[in-house]
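Student: Below are the structure tokens for one structure; questions will follow.
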Amino acid sequence: MKIASWNVNSLNVRLPHLEQWLTAFAPDVVGIQETKMEDHKFPDAVLAGLGYRSVFAGQKTYNGVALLSREPAQDVQIGIPGFEDEQKRVIAGTVNGVRVINLYVVNGQDVGTDKYAYKLRWLEAVHAWVEAELARYPELVVMGDFNIAPDARDVHDPLVWNENHILTSTAERGALNKLLQLGLHDAFRLHSEEEGVFSWWDYRAAGFRRNLGLRIDLTLVSDALKARALASGIDREPRTWERPSDHAPAWVELAP
């Protein structure tokens, strides 16, 4: 069972890329972030033609999430229960017995700003929800654009991306570690200790060509799935295409 996460940075622009990648990579479940598309415009029929059922929650211009799966997702949840938020950043469903939570985590703008405080509140709400979900669904994958690089191996320059910088600050990494302590595991790190493997590169300053990136797109697997995580990685190929998203897909493969 291949499960993947991809911030497409506008489905209006990147739909041909998504179609090409789904055909080539053939995942079973995909979490999409930053669709930037209202629900009535979502390309449900196009994706159905490729063999995927879709559930989605979008808005104009910003945010937007979707879950694509070969088997219809069950028990779909949109948004964090009990957390009022107009931004469409969360969608979850159960596919073939595996609970999948797809997150587009708040960016946070800069340490000390109102948006940073909102990010930390949002992550607290996610923590409480995931804790409850784990009790209901031991076989759980939490994936998405986390907008947090876990440690120094996951940034191109640890001197710049330090404890006082957005996406790598002490509080953000602390929130991620608190989530992991619930019984989740960074699937990539189950198979590799390699430094300099990234999932996001800035469009500016030839960021991709120079590999000036961050690993902020994660697939986290629960204790019950840890032994079934056969492989995990990041597919850089779509980042090489014309007019690409600034993110590449992150994926994990689970044994039956």
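Ligands are numbered from 1 in the order shown, residues from 1 within each chain, and chains are lettered A, B, ... in the order they appear in the structure tokens.
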Can you tell me, as a ChimeraX atom specification, what residues are no more than 7 Å from Gln59 of chain A when counting only C-alpha atoms, ignoring any on the same chain fewer than 3 positions away?
Tutor: /A:36-38,62-64,88
Student: Do a neighbour search on segment 205-207 of chain A at 12 Å with only C-alpha atoms, toss out local chain neighbours closer than 4 positions, and write the hits as an MDAnalysis selection string.
Tutor: chainID A and resid 156 198:201 211:214 239:240 246:247
Student: Find the residues around Phe146 of chain A up to 12 Å (only C-alpha atoms counted), leave out those fewer than 6 positions away in its own chain, and share them as a ChimeraX atom specification.
Tutor: /A:5-7,33,89-90,102-108,119,122-123,126,167-168,172-173,175-176,179,186,199-200,214-220,247,250
Student: Give me, as an mmCIF file with C-alpha atoms, in the first residue's frame, all polymer residues having an atom no more than 9 Å from Ile91 of chain A, counting only C-alpha atoms and skipping those fewer than 3 positions away in the same chain.
Tutor:
data_model
loop_
_atom_site.group_PDB
_atom_site.id
_atom_site.type_symbol
_atom_site.label_atom_id
_atom_site.label_comp_id
_atom_site.auth_asym_id
_atom_site.auth_seq_id
_atom_site.Cartn_x
_atom_site.Cartn_y
_atom_site.Cartn_z
ATOM 1 C CA GLY A 31 -2.932 13.546 0.393
ATOM 2 C CA VAL A 55 -12.755 13.784 -0.937
ATOM 3 C CA PHE A 56 -11.777 17.418 -0.595
ATOM 4 C CA ALA A 57 -12.167 20.697 1.229
ATOM 5 C CA VAL A 65 -6.717 19.779 0.978
ATOM 6 C CA ALA A 66 -7.832 16.552 -0.669
ATOM 7 C CA LEU A 67 -7.537 12.819 -0.172
ATOM 8 C CA VAL A 76 -14.205 11.242 6.374
ATOM 9 C CA GLN A 77 -13.371 14.133 8.700
ATOM 10 C CA ILE A 78 -12.840 17.708 7.469
ATOM 11 C CA GLY A 79 -11.174 20.120 9.871
ATOM 12 C CA ILE A 80 -9.953 19.572 13.416
ATOM 13 C CA LYS A 88 -9.150 24.456 4.857
ATOM 14 C CA VAL A 100 -4.991 8.611 7.034
ATOM 15 C CA ILE A 101 -4.789 12.201 8.259
ATOM 16 C CA ASN A 102 -3.695 14.786 5.697
ATOM 17 C CA LEU A 103 -2.421 18.102 7.106
#
Student: Neighbours of Pro43 of chain A within 12 Å (only C-alpha atoms; same-chain residues fewer than 4 positions away dropped), as a PyMOL selection string?
Tutor: chain A and resi 11-12+14-16+18-19+35+37-39+47-50+52-56+58+66+68
Student: Using the chain letters and numbers from this document, which residues of segment 43-232 of chain A does DSSP assign to strand (DSSP E), as a ChimeraX atom specification?
Tutor: /A:53-57,65-69,74-78,90-95,98-104,140-145,184-186,200-201,213-214,217-222,229-232
Student: Tell me, as a PyMOL selection string, which residues lie within 9 Å of Trp129 of chain A, counting only C-alpha atoms; anything in the same chain fewer than 3 positions away does not count.
Tutor: chain A and resi 80-82+124-126+132-134
Student: One decimal, Å: what's the distance from atom CA of Trp21 of chain A over to atom CA of Pro249 of chain A, could you say?
Tutor: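 Between these atoms lies a distance of 9.5 Å.
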Student: Taking only segment 39-237 of chain A into account, list the residues labelled helix (DSSP H, G or I) by DSSP (computed from the backbone), as a PyMOL selection string.
Tutor: chain A and resi 39-41+44-49+114-136+152-154+170-180+187-191+204-206+223-226+237
Student: Contacts of Phe25 of chain A at 10 Å or less, counting only C-alpha atoms, minus same-chain residues fewer than 3 places along, as a list in words?
Tutor: Lys2, Ala4, Gln20, Trp21, Leu22, Asp28 and Asp235 of chain A
Student: What separation in Å, quoted to one decimal, exists between atom CA of Glu253 of chain A and atom CA of Ile3 of chain A?
Tutor: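 Distance reported for this atom pair: 6.2 Å.
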Student: Can you work out which one of A:Val13, A:Asp145, A:Ala152, A:Asp85 has the shortest atom-to-atom distance to Tyr118 of chain A, counting only C-alpha atoms?
Tutor: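 Once distances to Tyr118 of chain A are computed over only C-alpha atoms, the minimum belongs to A:Asp85.
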Student: So what do you get for atom CA of Arg136 of chain A versus atom CA of Arg228 of chain A, distance-wise?
Tutor: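 One can read the atom CA of Arg136 of chain A to atom CA of Arg228 of chain A distance as 19.1 Å.
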Student: Considering only C-alpha atoms, can you say which of A:Asn164, A:Ser245, A:Gln181, A:Asn9 comes closest to His127 of chain A?
Tutor: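 Result for the nearest residue to His127 of chain A: A:Gln181.
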